[in-house]
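**Q** Encoded as structure tokens, here's the structure I'll be asking about.
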Amino acid sequence: MHDMRVLTVREIRDIMTLLGQDDQHLIDLLASLTGENARNVRHWLRTGGDEAILTSLVGPGSQSGAIA
């Protein structure tokens with residue numbers, strides 16, 4: 001699973017739960033991550049990493065502002 005090039009639906013849901021967000025913009029951003037960015041977010045999810053790491057990967061501009 002660690003070599004998957006995209007995030008799974010379950011991983012996206014887990015991230016949304018951890019961030020306390022549930023909006024289409026975040027879903028779209030996470031679903032569009034591929035390759036190294038997807039692996040980095042997966043690592044962030046596994047380790048309970050710093051929210052700044054996730055923000056650097058998906059970028060600012062979430063509609064609810066939680067990761068901006």
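Ordering of the structure tokens sets the chain letters (A, B, ...); residue numbers start at 1 within each chain; ligands are numbered from 1 in the order shown.
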Excluding stretch 32-39 of chain A and any residue of its chain fewer than 2 positions from it, enumerate the residues within 10 Å of it, using only C-alpha atoms, and give them as JSON, numbers by chain.

**A** {"A": [1, 2, 3, 4, 5, 6, 7, 8, 26, 27, 28, 29, 30, 41, 42, 43, 44, 45, 54, 56, 57, 58]}

**Q** Can you write out the residues you just picked, keeping C-alpha atoms, as a short mmCIF file (atom, residue, chain, number, x, y, z; two decimals), in the first residue's frame?

**A**
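This is the output file part-v1.cif:
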data_model
loop_
_atom_site.label_atom_id
_atom_site.label_comp_id
_atom_site.auth_asym_id
_atom_site.auth_seq_id
_atom_site.Cartn_x
_atom_site.Cartn_y
_atom_site.Cartn_z
CA MET A 1 0.00 0.00 0.00
CA HIS A 2 2.88 2.40 0.70
CA ASP A 3 3.85 2.45 -2.98
CA MET A 4 0.41 3.51 -4.19
CA ARG A 5 0.61 6.62 -6.36
CA VAL A 6 -2.69 8.11 -5.19
CA LEU A 7 -4.50 8.35 -1.86
CA THR A 8 -7.29 5.92 -1.11
CA LEU A 26 -10.33 19.53 0.21
CA ILE A 27 -11.55 16.25 -1.29
CA ASP A 28 -10.56 17.46 -4.76
CA LEU A 29 -7.12 18.60 -3.57
CA LEU A 30 -6.36 15.34 -1.81
CA VAL A 41 0.58 12.90 2.80
CA ARG A 42 0.32 9.18 3.58
CA HIS A 43 3.39 9.53 5.82
CA TRP A 44 1.84 12.59 7.47
CA LEU A 45 -1.33 10.59 8.14
CA LEU A 54 -0.03 18.91 4.71
CA SER A 56 2.58 22.70 1.89
CA LEU A 57 1.35 19.76 -0.19
CA VAL A 58 -2.27 20.73 -0.80
#
